[in-house]
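**Q** Structure file my_file-v4.pdb, PDB, C-alpha atoms, is pasted below:
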ATOM      1  CA  MET A   1     215.225  36.135  69.838
ATOM      2  CA  LYS A   2     211.706  36.784  71.103
ATOM      3  CA  LYS A   3     209.135  34.441  69.623
ATOM      4  CA  ILE A   4     206.702  36.323  67.375
ATOM      5  CA  LEU A   5     203.112  35.488  68.247
ATOM      6  CA  VAL A   6     201.933  34.647  64.743
ATOM      7  CA  SER A   7     198.278  33.775  65.269
ATOM      8  CA  SER A   8     197.433  37.057  66.998
ATOM      9  CA  ILE A   9     199.424  39.462  64.873
ATOM     10  CA  VAL A  10     198.832  38.719  61.201
ATOM     11  CA  SER A  11     196.498  41.688  60.831
ATOM     12  CA  LEU A  12     198.958  43.941  62.629
ATOM     13  CA  ALA A  13     201.858  42.788  60.483
ATOM     14  CA  LEU A  14     199.904  43.467  57.306
ATOM     15  CA  ALA A  15     199.440  47.016  58.508
ATOM     16  CA  GLY A  16     203.187  47.642  58.020
ATOM     17  CA  ALA A  17     203.082  51.045  59.691
ATOM     18  CA  LEU A  18     206.739  52.016  59.703
ATOM     19  CA  SER A  19     205.445  55.565  59.993
ATOM     20  CA  ALA A  20     203.009  54.798  62.810
ATOM     21  CA  ALA A  21     202.670  57.442  65.466
ATOM     22  CA  ASP A  22     204.835  56.848  68.510
ATOM     23  CA  LEU A  23     202.850  55.344  71.376
ATOM     24  CA  ARG A  24     203.457  56.413  74.954
ATOM     25  CA  LEU A  25     202.230  54.598  78.054
ATOM     26  CA  ALA A  26     202.671  55.540  81.699
ATOM     27  CA  GLY A  27     201.280  54.613  85.080
ATOM     28  CA  SER A  28     201.208  51.681  87.472
ATOM     29  CA  SER A  29     204.473  50.013  88.464
ATOM     30  CA  THR A  30     202.496  46.771  88.802
ATOM     31  CA  VAL A  31     201.218  46.919  85.210
ATOM     32  CA  TYR A  32     204.578  48.174  83.915
ATOM     33  CA  PRO A  33     206.187  44.748  83.233
ATOM     34  CA  PHE A  34     203.136  43.543  81.315
ATOM     35  CA  SER A  35     202.836  46.683  79.182
ATOM     36  CA  SER A  36     206.597  46.650  78.564
ATOM     37  CA  PHE A  37     206.379  43.065  77.307
ATOM     38  CA  VAL A  38     203.507  43.959  74.975
ATOM     39  CA  ALA A  39     205.384  47.049  73.778
ATOM     40  CA  GLU A  40     208.329  44.913  72.684
ATOM     41  CA  GLU A  41     206.040  42.472  70.865
ATOM     42  CA  TYR A  42     204.204  45.360  69.216
ATOM     43  CA  ALA A  43     207.461  46.891  68.004
ATOM     44  CA  THR A  44     208.547  43.566  66.522
ATOM     45  CA  VAL A  45     205.250  43.101  64.713
ATOM     46  CA  LYS A  46     205.043  46.650  63.381
ATOM     47  CA  ASN A  47     208.768  46.982  62.645
ATOM     48  CA  ILE A  48     208.961  50.256  64.541
ATOM     49  CA  LYS A  49     210.734  51.497  67.628
ATOM     50  CA  THR A  50     209.375  50.209  70.916
ATOM     51  CA  PRO A  51     206.611  52.334  72.478
ATOM     52  CA  ILE A  52     207.737  54.248  75.554
ATOM     53  CA  VAL A  53     206.453  52.772  78.824
ATOM     54  CA  GLU A  54     207.049  54.673  82.071
ATOM     55  CA  SER A  55     206.459  53.681  85.690
ATOM     56  CA  LEU A  56     204.918  56.732  87.390
ATOM     57  CA  GLY A  57     202.358  55.065  89.641
ATOM     58  CA  THR A  58     198.665  54.877  88.821
ATOM     59  CA  GLY A  59     197.970  58.412  90.040
ATOM     60  CA  GLY A  60     200.967  59.819  88.184
ATOM     61  CA  GLY A  61     199.939  57.937  85.061
ATOM     62  CA  PHE A  62     196.432  59.371  85.103
ATOM     63  CA  LYS A  63     197.857  62.862  85.621
ATOM     64  CA  VAL A  64     199.881  62.821  82.403
ATOM     65  CA  PHE A  65     197.151  60.889  80.567
ATOM     66  CA  CYS A  66     194.587  63.558  81.448
ATOM     67  CA  GLU A  67     197.014  66.205  80.201
ATOM     68  CA  GLY A  68     196.992  64.463  76.832
ATOM     69  CA  ALA A  69     200.669  63.502  77.084
ATOM     70  CA  THR A  70     200.177  59.723  76.784
ATOM     71  CA  ASP A  71     198.073  57.405  74.667
ATOM     72  CA  ILE A  72     197.478  54.709  77.274
ATOM     73  CA  SER A  73     197.443  54.820  81.068
ATOM     74  CA  ASN A  74     198.436  51.726  83.061
ATOM     75  CA  ALA A  75     196.420  51.388  86.260
ATOM     76  CA  SER A  76     196.193  49.068  89.249
ATOM     77  CA  ARG A  77     192.794  50.514  90.219
ATOM     78  CA  PRO A  78     189.848  52.049  88.354
ATOM     79  CA  ILE A  79     190.068  55.711  87.370
ATOM     80  CA  LYS A  80     188.601  58.040  90.021
ATOM     81  CA  SER A  81     185.754  60.454  89.291
ATOM     82  CA  SER A  82     188.062  63.390  90.084
ATOM     83  CA  GLU A  83     190.631  62.123  87.557
ATOM     84  CA  PHE A  84     187.928  61.518  84.957
ATOM     85  CA  ASP A  85     186.652  65.063  85.450
ATOM     86  CA  THR A  86     190.185  66.420  84.991
ATOM     87  CA  CYS A  87     190.516  64.478  81.752
ATOM     88  CA  LYS A  88     187.278  65.930  80.410
ATOM     89  CA  LYS A  89     188.268  69.483  81.387
ATOM     90  CA  ASN A  90     191.503  69.025  79.459
ATOM     91  CA  GLY A  91     189.741  67.720  76.360
ATOM     92  CA  VAL A  92     190.538  64.051  76.900
ATOM     93  CA  THR A  93     186.887  63.100  76.567
ATOM     94  CA  ASP A  94     186.872  59.761  74.755
ATOM     95  CA  ILE A  95     188.403  57.105  77.010
ATOM     96  CA  VAL A  96     188.090  53.336  76.731
ATOM     97  CA  GLY A  97     188.930  51.257  79.800
ATOM     98  CA  VAL A  98     190.085  47.641  79.596
ATOM     99  CA  MET A  99     190.588  45.184  82.449
ATOM    100  CA  ILE A 100     193.665  43.147  81.529
ATOM    101  CA  GLY A 101     193.739  40.616  84.390
ATOM    102  CA  TYR A 102     194.148  40.245  88.131
ATOM    103  CA  ASP A 103     196.861  40.827  90.703
ATOM    104  CA  GLY A 104     197.311  40.405  94.428
ATOM    105  CA  ILE A 105     199.260  42.661  96.762
ATOM    106  CA  VAL A 106     201.780  40.573  98.670
ATOM    107  CA  LEU A 107     203.600  41.116 101.949
ATOM    108  CA  ALA A 108     206.957  39.651 100.966
ATOM    109  CA  GLN A 109     210.091  38.802 102.903
ATOM    110  CA  ASN A 110     213.515  37.256 102.331
ATOM    111  CA  LYS A 111     213.166  33.575 101.509
ATOM    112  CA  THR A 112     215.518  32.585 104.322
ATOM    113  CA  ASN A 113     212.926  33.617 106.924
ATOM    114  CA  THR A 114     210.400  31.273 108.531
ATOM    115  CA  PRO A 115     207.058  31.199 106.650
ATOM    116  CA  LEU A 116     204.565  33.655 108.149
ATOM    117  CA  ASN A 117     200.807  33.900 108.481
ATOM    118  CA  ILE A 118     199.478  37.344 109.363
ATOM    119  CA  SER A 119     195.942  38.665 109.692
ATOM    120  CA  LYS A 120     194.703  41.818 108.010
ATOM    121  CA  GLU A 121     194.113  43.295 111.461
ATOM    122  CA  GLU A 122     197.744  42.641 112.436
ATOM    123  CA  LEU A 123     198.935  44.223 109.197
ATOM    124  CA  PHE A 124     196.685  47.216 109.916
ATOM    125  CA  LEU A 125     198.191  47.591 113.391
ATOM    126  CA  ALA A 126     201.674  47.541 111.881
ATOM    127  CA  LEU A 127     200.788  50.202 109.288
ATOM    128  CA  ALA A 128     198.393  52.617 111.015
ATOM    129  CA  LYS A 129     199.581  56.008 112.226
ATOM    130  CA  GLU A 130     197.234  55.742 115.231
ATOM    131  CA  ILE A 131     195.914  52.649 116.982
ATOM    132  CA  PRO A 132     193.310  52.091 119.724
ATOM    133  CA  GLN A 133     194.555  51.816 123.305
ATOM    134  CA  ASP A 134     192.466  52.223 126.470
ATOM    135  CA  GLY A 135     189.491  53.556 124.535
ATOM    136  CA  LYS A 136     191.331  56.243 122.579
ATOM    137  CA  LEU A 137     193.554  56.581 119.536
ATOM    138  CA  VAL A 138     197.267  56.981 120.264
ATOM    139  CA  PRO A 139     200.365  57.275 118.070
ATOM    140  CA  ASN A 140     201.371  53.791 116.972
ATOM    141  CA  PRO A 141     203.762  52.449 119.654
ATOM    142  CA  TYR A 142     204.557  49.158 117.901
ATOM    143  CA  THR A 143     208.145  48.814 116.741
ATOM    144  CA  ASN A 144     208.370  44.998 116.624
ATOM    145  CA  TRP A 145     205.928  42.477 115.193
ATOM    146  CA  ASN A 146     205.732  40.423 118.388
ATOM    147  CA  GLN A 147     204.374  43.476 120.221
ATOM    148  CA  ILE A 148     201.249  43.162 118.057
ATOM    149  CA  ASN A 149     200.962  39.405 118.558
ATOM    150  CA  LYS A 150     203.392  37.357 120.618
ATOM    151  CA  ASN A 151     203.201  34.624 117.984
ATOM    152  CA  LEU A 152     204.649  36.934 115.341
ATOM    153  CA  PRO A 153     208.443  37.125 114.983
ATOM    154  CA  ASN A 154     210.595  39.318 117.190
ATOM    155  CA  ARG A 155     211.599  41.475 114.255
ATOM    156  CA  LYS A 156     211.525  45.208 113.729
ATOM    157  CA  ILE A 157     208.496  46.488 111.836
ATOM    158  CA  SER A 158     210.151  47.658 108.650
ATOM    159  CA  ILE A 159     207.913  47.689 105.584
ATOM    160  CA  TYR A 160     209.042  48.995 102.207
ATOM    161  CA  GLY A 161     205.994  49.984 100.212
ATOM    162  CA  PRO A 162     204.447  52.213  97.564
ATOM    163  CA  PRO A 163     204.258  56.026  97.745
ATOM    164  CA  ALA A 164     201.061  58.080  97.826
ATOM    165  CA  SER A 165     200.918  58.296  94.000
ATOM    166  CA  SER A 166     200.641  54.528  93.669
ATOM    167  CA  GLY A 167     197.521  52.507  92.904
ATOM    168  CA  THR A 168     198.988  49.798  95.107
ATOM    169  CA  ARG A 169     199.008  52.283  97.988
ATOM    170  CA  ASP A 170     195.357  53.148  97.250
ATOM    171  CA  THR A 171     194.474  49.465  97.325
ATOM    172  CA  VAL A 172     196.317  48.872 100.610
ATOM    173  CA  GLU A 173     194.437  51.811 102.098
ATOM    174  CA  GLU A 174     191.072  50.429 100.981
ATOM    175  CA  LEU A 175     191.533  46.666 101.428
ATOM    176  CA  VAL A 176     193.542  46.811 104.652
ATOM    177  CA  MET A 177     193.249  50.167 106.380
ATOM    178  CA  VAL A 178     189.606  51.077 105.706
ATOM    179  CA  ASP A 179     188.309  47.500 105.749
ATOM    180  CA  VAL A 180     189.799  46.756 109.172
ATOM    181  CA  SER A 181     189.129  50.148 110.772
ATOM    182  CA  LYS A 182     185.446  50.117 109.795
ATOM    183  CA  LYS A 183     185.065  47.129 112.117
ATOM    184  CA  LEU A 184     186.489  49.161 115.019
ATOM    185  CA  LYS A 185     183.976  51.765 116.229
ATOM    186  CA  ILE A 186     186.650  54.112 117.495
ATOM    187  CA  TYR A 187     187.615  54.999 113.909
ATOM    188  CA  GLY A 188     184.089  55.962 112.859
ATOM    189  CA  ASP A 189     181.939  54.805 109.955
ATOM    190  CA  LYS A 190     184.178  56.045 107.146
ATOM    191  CA  GLY A 191     187.203  54.128 108.302
ATOM    192  CA  TYR A 192     190.805  55.218 108.674
ATOM    193  CA  LYS A 193     193.524  55.111 106.029
ATOM    194  CA  THR A 194     196.441  57.121 107.432
ATOM    195  CA  ILE A 195     199.699  55.166 107.248
ATOM    196  CA  ARG A 196     202.400  55.851 109.812
ATOM    197  CA  GLN A 197     205.282  58.178 108.946
ATOM    198  CA  ASP A 198     207.706  57.366 111.757
ATOM    199  CA  GLY A 199     210.144  55.321 109.703
ATOM    200  CA  ASN A 200     208.568  51.896 110.149
ATOM    201  CA  TYR A 201     206.803  52.239 106.802
ATOM    202  CA  ILE A 202     209.233  53.345 104.084
ATOM    203  CA  PRO A 203     207.743  54.739 100.828
ATOM    204  CA  SER A 204     210.025  53.378  98.129
ATOM    205  CA  GLY A 205     209.089  55.067  94.864
ATOM    206  CA  GLU A 206     207.524  53.540  91.780
ATOM    207  CA  ASN A 207     210.134  50.812  91.356
ATOM    208  CA  ASP A 208     209.046  47.511  92.870
ATOM    209  CA  ASN A 209     212.292  45.843  91.806
ATOM    210  CA  LEU A 210     214.019  48.255  94.188
ATOM    211  CA  ILE A 211     211.914  46.897  97.064
ATOM    212  CA  VAL A 212     212.827  43.341  96.083
ATOM    213  CA  SER A 213     216.511  44.282  96.158
ATOM    214  CA  LYS A 214     216.039  45.781  99.639
ATOM    215  CA  LEU A 215     214.607  42.478 100.887
ATOM    216  CA  THR A 216     217.591  40.533  99.601
ATOM    217  CA  VAL A 217     219.841  42.677 101.807
ATOM    218  CA  ASP A 218     217.620  43.488 104.801
ATOM    219  CA  LYS A 219     216.382  40.079 105.932
ATOM    220  CA  ASP A 220     214.208  41.522 108.709
ATOM    221  CA  ALA A 221     212.248  43.793 106.366
ATOM    222  CA  PHE A 222     209.009  43.247 104.463
ATOM    223  CA  GLY A 223     207.823  44.661 101.158
ATOM    224  CA  LEU A 224     204.367  45.462  99.773
ATOM    225  CA  PHE A 225     204.021  45.095  95.986
ATOM    226  CA  GLY A 226     202.258  43.215  93.209
ATOM    227  CA  TYR A 227     202.158  39.456  92.792
ATOM    228  CA  SER A 228     204.109  39.437  89.509
ATOM    229  CA  PHE A 229     207.248  40.638  91.312
ATOM    230  CA  LEU A 230     206.901  37.688  93.680
ATOM    231  CA  VAL A 231     206.664  35.315  90.700
ATOM    232  CA  SER A 232     209.708  36.776  88.962
ATOM    233  CA  ASN A 233     211.801  36.706  92.159
ATOM    234  CA  ALA A 234     210.672  33.398  93.668
ATOM    235  CA  ASP A 235     214.298  32.373  94.191
ATOM    236  CA  LYS A 236     214.830  35.328  96.561
ATOM    237  CA  ILE A 237     211.557  36.119  98.319
ATOM    238  CA  THR A 238     208.379  34.538  99.625
ATOM    239  CA  ALA A 239     205.006  35.968 100.616
ATOM    240  CA  ALA A 240     203.251  35.822 103.968
ATOM    241  CA  ASP A 241     199.834  34.163 104.031
ATOM    242  CA  ILE A 242     197.061  36.658 104.762
ATOM    243  CA  ASP A 243     194.452  35.269 107.169
ATOM    244  CA  GLY A 244     195.644  31.772 106.295
ATOM    245  CA  ILE A 245     195.283  32.230 102.522
ATOM    246  CA  LYS A 246     198.332  31.898 100.295
ATOM    247  CA  ALA A 247     199.122  34.479  97.645
ATOM    248  CA  ASN A 248     198.949  32.314  94.544
ATOM    249  CA  GLU A 249     197.305  32.509  91.152
ATOM    250  CA  GLU A 250     194.410  30.215  92.021
ATOM    251  CA  ASN A 251     193.424  32.148  95.154
ATOM    252  CA  ILE A 252     193.813  35.531  93.448
ATOM    253  CA  ALA A 253     191.716  34.517  90.421
ATOM    254  CA  ALA A 254     189.003  33.067  92.678
ATOM    255  CA  GLY A 255     188.940  36.156  94.923
ATOM    256  CA  LYS A 256     189.868  34.090  97.991
ATOM    257  CA  TYR A 257     193.039  36.063  98.602
ATOM    258  CA  GLU A 258     191.838  39.186 100.382
ATOM    259  CA  LEU A 259     194.338  41.549  98.774
ATOM    260  CA  ALA A 260     193.374  40.600  95.206
ATOM    261  CA  ARG A 261     192.528  43.351  92.716
ATOM    262  CA  SER A 262     191.970  44.012  89.010
ATOM    263  CA  LEU A 263     194.456  45.645  86.622
ATOM    264  CA  TYR A 264     193.618  48.018  83.765
ATOM    265  CA  ILE A 265     194.732  50.007  80.786
ATOM    266  CA  TYR A 266     192.889  53.174  79.741
ATOM    267  CA  ILE A 267     193.043  54.304  76.107
ATOM    268  CA  ASN A 268     192.752  57.838  74.754
ATOM    269  CA  ALA A 269     190.440  56.971  71.851
ATOM    270  CA  LYS A 270     191.217  60.167  69.931
ATOM    271  CA  LYS A 271     194.984  60.705  70.262
ATOM    272  CA  ASN A 272     196.425  57.875  68.140
ATOM    273  CA  PRO A 273     193.382  55.642  67.830
ATOM    274  CA  LYS A 274     194.598  53.225  65.149
ATOM    275  CA  GLU A 275     197.871  52.436  66.905
ATOM    276  CA  ALA A 276     196.457  52.512  70.441
ATOM    277  CA  PHE A 277     193.655  50.073  69.667
ATOM    278  CA  GLU A 278     195.964  47.774  67.683
ATOM    279  CA  PHE A 279     198.220  47.773  70.751
ATOM    280  CA  ALA A 280     195.241  46.931  72.986
ATOM    281  CA  GLU A 281     194.137  44.137  70.643
ATOM    282  CA  LEU A 282     197.586  42.566  70.853
ATOM    283  CA  TYR A 283     197.605  43.055  74.649
ATOM    284  CA  MET A 284     194.334  41.125  74.985
ATOM    285  CA  SER A 285     195.049  38.534  72.292
ATOM    286  CA  ASN A 286     194.727  34.866  73.197
ATOM    287  CA  ASP A 287     198.472  34.340  72.782
ATOM    288  CA  LEU A 288     199.280  36.997  75.362
ATOM    289  CA  ALA A 289     196.338  37.363  77.745
ATOM    290  CA  LYS A 290     194.651  33.966  77.840
ATOM    291  CA  ASN A 291     195.275  31.311  80.482
ATOM    292  CA  GLY A 292     198.624  29.796  79.491
ATOM    293  CA  GLY A 293     199.593  32.914  77.531
ATOM    294  CA  GLU A 294     202.846  34.854  77.593
ATOM    295  CA  LEU A 295     201.699  37.429  80.168
ATOM    296  CA  GLN A 296     200.719  34.726  82.642
ATOM    297  CA  LYS A 297     204.299  33.451  82.465
ATOM    298  CA  ILE A 298     205.551  36.766  83.849
ATOM    299  CA  GLY A 299     202.971  36.977  86.640
ATOM    300  CA  LEU A 300     199.686  38.331  85.286
ATOM    301  CA  VAL A 301     196.728  36.380  86.671
ATOM    302  CA  PRO A 302     194.560  35.967  83.555
ATOM    303  CA  LEU A 303     190.864  36.613  83.094
ATOM    304  CA  ASP A 304     188.614  33.603  82.581
ATOM    305  CA  ASP A 305     187.909  32.790  78.940
ATOM    306  CA  LYS A 306     184.437  34.359  78.848
ATOM    307  CA  THR A 307     185.584  37.626  80.443
ATOM    308  CA  LEU A 308     188.566  37.787  78.087
ATOM    309  CA  LYS A 309     186.271  37.391  75.075
ATOM    310  CA  ASP A 310     184.022  40.128  76.465
ATOM    311  CA  PHE A 311     186.967  42.517  76.673
ATOM    312  CA  GLN A 312     188.225  41.558  73.221
ATOM    313  CA  LYS A 313     184.779  42.558  71.877
ATOM    314  CA  HIS A 314     184.834  45.668  74.061
ATOM    315  CA  ILE A 315     188.082  46.836  72.420
ATOM    316  CA  LYS A 316     186.586  46.361  68.947
ATOM    317  CA  ASN A 317     183.398  48.178  69.971
ATOM    318  CA  LYS A 318     185.376  51.035  71.600
ATOM    319  CA  LYS A 319     182.697  51.776  74.189
ATOM    320  CA  ILE A 320     183.509  55.147  75.746
ATOM    321  CA  LEU A 321     183.611  55.591  79.521
ATOM    322  CA  THR A 322     180.758  57.491  81.137
ATOM    323  CA  ASP A 323     180.386  59.190  84.494
ATOM    324  CA  GLU A 324     178.059  56.390  85.593
ATOM    325  CA  LEU A 325     180.598  53.680  84.758
ATOM    326  CA  VAL A 326     183.394  55.555  86.519
ATOM    327  CA  LYS A 327     181.320  56.062  89.668
ATOM    328  CA  ALA A 328     180.547  52.327  89.680
ATOM    329  CA  GLY A 329     184.221  51.430  89.246
ATOM    330  CA  LYS A 330     183.476  49.722  85.929
ATOM    331  CA  VAL A 331     184.816  50.108  82.398
ATOM    332  CA  PHE A 332     181.780  48.827  80.456
TER     333      PHE A 332
END
Could you spell out this file's structure in structure tokens?
**A**
Amino acid sequence: MKKILVSSIVSLALAGALSAADLRLAGSSTVYPFSSFVAEEYATVKNIKTPIVESLGTGGGFKVFCEGATDISNASRPIKSSEFDTCKKNGVTDIVGVMIGYDGIVLAQNKTNTPLNISKEELFLALAKEIPQDGKLVPNPYTNWNQINKNLPNRKISIYGPPASSGTRDTVEELVMVDVSKKLKIYGDKGYKTIRQDGNYIPSGENDNLIVSKLTVDKDAFGLFGYSFLVSNADKITAADIDGIKANEENIAAGKYELARSLYIYINAKKNPKEAFEFAELYMSNDLAKNGGELQKIGLVPLDDKTLKDFQKHIKNKKILTDELVKAGKVF
């Protein structure tokens, strides 16, 4: 039976709330396992049915959130100004954003393969729809990794990754595609984020466990997904080093791992405020969110103690998002 986290939940338990409004969460597949864990704890504490948590991708989650259909949106990137504007137009005007921890996007492979170190530029050249050759951009001709760099394995470029609706896809586009292409004049100042569509990159829906299962069968393939899925499947898969830096908790928390990012939940402060904020308080409780807490055990890279305390206060203060905060990519 799941251990009830007594020190964090006394106030919630006293609330009773058998008749509490049903909570619904949707969004990021990366945040999904963490929110699902919290949902089960919340249901145990409140003695109610478990809140519904759906994996729709960050973009899909914001879409239904801005329609007023969910109470909390799970996100692997900050909300965009365009999404925030849509929320306001639909009457979802009071939103509170909370950073729950950190994650790193990993390039994973079957554990039976030789360990791999790959640069961001090499990953870009494997993913890009067009690459530079002889002073112009041409359709990506690379079909095997060793065509990019002779020191890479002679394996077909086959990468299972997130679809366009995914926050993970957005992060790959920004941290790999745009970051690398901005250093290459041929792509221009704004950078280039178009991922190839010739079958070497395979969009695999909002189910990262499905990608993991693909890697257990297809030993030549790679997968792009969040660090927590690497942690929970360490007996099956391993991650490539990126520019010589390992994908581990220490490097992600310190920002040394170049594909590190922050994870969020966004709360509709008007829909079911009592239940939604109680849920958020449990989410960010010391027992769950602190270093050594339950969420770390399933792959969430925790905030440092000071930042965690800041967000615990932020939840109590319920500071509403503004246009300025959204444009800056911040939540408070």
**Q** To one decimal place, how far is atom CA of A:Cys87 from atom CA of A:Tyr102 in Å?
**A** 25.3 Å
**Q** Counting all atoms listed in the file, figure out which residue out of A:Lys80, A:Lys193, A:Lys309, A:Lys219 gets nearest to A:Ser158.
**A** A:Lys219
**Q** Please evaluate the PyMOL selection byres ((chain A and resi 159) around 9) against the structure above and give the resulting residues as a VMD selection string.
**A** chain A and resid 107 126 to 127 157 to 158 160 to 161 199 to 203 221 to 224
**Q** Residues as selected, C-alpha atoms, written as a PDB file, in the coordinates of the input, can you do that?
**A**
ATOM      1  CA  LEU A 107     203.600  41.116 101.949  1.00  0.00           C
ATOM      2  CA  ALA A 126     201.674  47.541 111.881  1.00  0.00           C
ATOM      3  CA  LEU A 127     200.788  50.202 109.288  1.00  0.00           C
ATOM      4  CA  ILE A 157     208.496  46.488 111.836  1.00  0.00           C
ATOM      5  CA  SER A 158     210.151  47.658 108.650  1.00  0.00           C
ATOM      6  CA  TYR A 160     209.042  48.995 102.207  1.00  0.00           C
ATOM      7  CA  GLY A 161     205.994  49.984 100.212  1.00  0.00           C
ATOM      8  CA  GLY A 199     210.144  55.321 109.703  1.00  0.00           C
ATOM      9  CA  ASN A 200     208.568  51.896 110.149  1.00  0.00           C
ATOM     10  CA  TYR A 201     206.803  52.239 106.802  1.00  0.00           C
ATOM     11  CA  ILE A 202     209.233  53.345 104.084  1.00  0.00           C
ATOM     12  CA  PRO A 203     207.743  54.739 100.828  1.00  0.00           C
ATOM     13  CA  ALA A 221     212.248  43.793 106.366  1.00  0.00           C
ATOM     14  CA  PHE A 222     209.009  43.247 104.463  1.00  0.00           C
ATOM     15  CA  GLY A 223     207.823  44.661 101.158  1.00  0.00           C
ATOM     16  CA  LEU A 224     204.367  45.462  99.773  1.00  0.00           C
TER      17      LEU A 224
END
**Q** Starting from the displayed file, determine the output of the PyMOL selection byres ((chain A and resi 226) around 9) and express the residue list as a ChimeraX atom specification.
**A** /A:29-31,103-106,168,208,224-225,227-230
**Q** Please, what distance in Å, to one decimal, runs between atom CA of A:Lys274 and atom CA of A:Tyr42?
**A**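 Computed distance, atom CA of A:Lys274 to atom CA of A:Tyr42, equals 13.1 Å.
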**Q** Identify which of the residues A:Lys236, A:Lys313, A:Lys319, A:Lys256 lies closest to A:Ala269, counting all atoms listed in the file when measuring atom-to-atom distances.
**A**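 Result for the nearest residue to A:Ala269: A:Lys319.
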**Q** Which residues fall under the PyMOL selection byres ((chain A and resi 192) around 8) in this file, as a PyMOL selection string?
**A** chain A and resi 177-178+181-182+187-188+190-191+193-194
**Q** Mind checking which residues fall within 8 Å of stretch 57-74 of chain A, counting all atoms listed in the file, ignoring those fewer than 2 positions away in the same chain, and posting them as a PyMOL selection string?
**A** chain A and resi 23-29+31-32+35+55+76-77+79+83-84+86-88+90-92+165-167+206+264-268+271-272+276
**Q** Given all atoms listed in the file as the basis, pick out the residue of A:Gly101, A:Val96, A:Glu122, A:Lys246 nearest to A:Gly299.
**A**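 Comparing A:Gly101, A:Val96, A:Glu122, A:Lys246 against A:Gly299, the winner is A:Gly101.
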**Q** Which neighbours of A:Leu295 fall inside 12 Å, counting only C-alpha atoms, when residues of the same chain fewer than 3 positions from it are skipped, and could you give them as a compact mmCIF listing (two decimals) with C-alpha atoms, in the coordinates of the input?
**A**
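Below is the file that was written, selection-v1.txt:
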# COMPACT_ATOMS: atom_id res chain seq x y z
CA VAL A 31 201.22 46.92 85.21
CA TYR A 32 204.58 48.17 83.92
CA PRO A 33 206.19 44.75 83.23
CA PHE A 34 203.14 43.54 81.32
CA SER A 35 202.84 46.68 79.18
CA SER A 36 206.60 46.65 78.56
CA PHE A 37 206.38 43.06 77.31
CA VAL A 38 203.51 43.96 74.97
CA GLU A 41 206.04 42.47 70.86
CA ILE A 100 193.66 43.15 81.53
CA GLY A 101 193.74 40.62 84.39
CA TYR A 102 194.15 40.24 88.13
CA SER A 228 204.11 39.44 89.51
CA VAL A 231 206.66 35.32 90.70
CA SER A 232 209.71 36.78 88.96
CA LEU A 282 197.59 42.57 70.85
CA TYR A 283 197.60 43.06 74.65
CA MET A 284 194.33 41.12 74.98
CA SER A 285 195.05 38.53 72.29
CA ASN A 286 194.73 34.87 73.20
CA ASP A 287 198.47 34.34 72.78
CA LEU A 288 199.28 37.00 75.36
CA ALA A 289 196.34 37.36 77.74
CA LYS A 290 194.65 33.97 77.84
CA ASN A 291 195.28 31.31 80.48
CA GLY A 292 198.62 29.80 79.49
CA ILE A 298 205.55 36.77 83.85
CA GLY A 299 202.97 36.98 86.64
CA LEU A 300 199.69 38.33 85.29
CA VAL A 301 196.73 36.38 86.67
CA PRO A 302 194.56 35.97 83.56
CA LEU A 303 190.86 36.61 83.09
**Q** Take atom CA of A:Val326 and atom CA of A:Thr93 and report the distance between them in Å, one decimal.
**A** 13.0 Å
**Q** Write out as a list of chain:residue names each polymer residue whose atoms come within 10 Å of A:Glu258, counting only C-alpha atoms; drop sequence neighbours fewer than 3 positions from it.
**A**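 Everything that qualifies: A:Gly104, A:Ile105, A:Lys120, A:Leu175, A:Val176, A:Ile242, A:Asp243, A:Ile245, A:Lys246, A:Ala247, A:Asn251, A:Ile252, A:Gly255, A:Arg261.
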**Q** Could you check which of A:Thr171, A:Asn149, A:Asn248, A:Ser213 is closest to A:Ala75, using all atoms listed in the file?
**A** A:Thr171
**Q** Residues near A:Leu325, anyone? I mean within 12 Å using only C-alpha atoms, not counting same-chain ones fewer than 3 positions away, as a PyMOL selection string.
**A** chain A and resi 78-81+84+95-97+319-322+328-332
**Q** Pick the closest to A:Glu278 from A:Asp220, A:Val45, A:Arg196, A:Lys129: which is it, counting all atoms listed in the file?
**A**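 Ranking A:Asp220, A:Val45, A:Arg196, A:Lys129 by distance to A:Glu278, first place goes to A:Val45.
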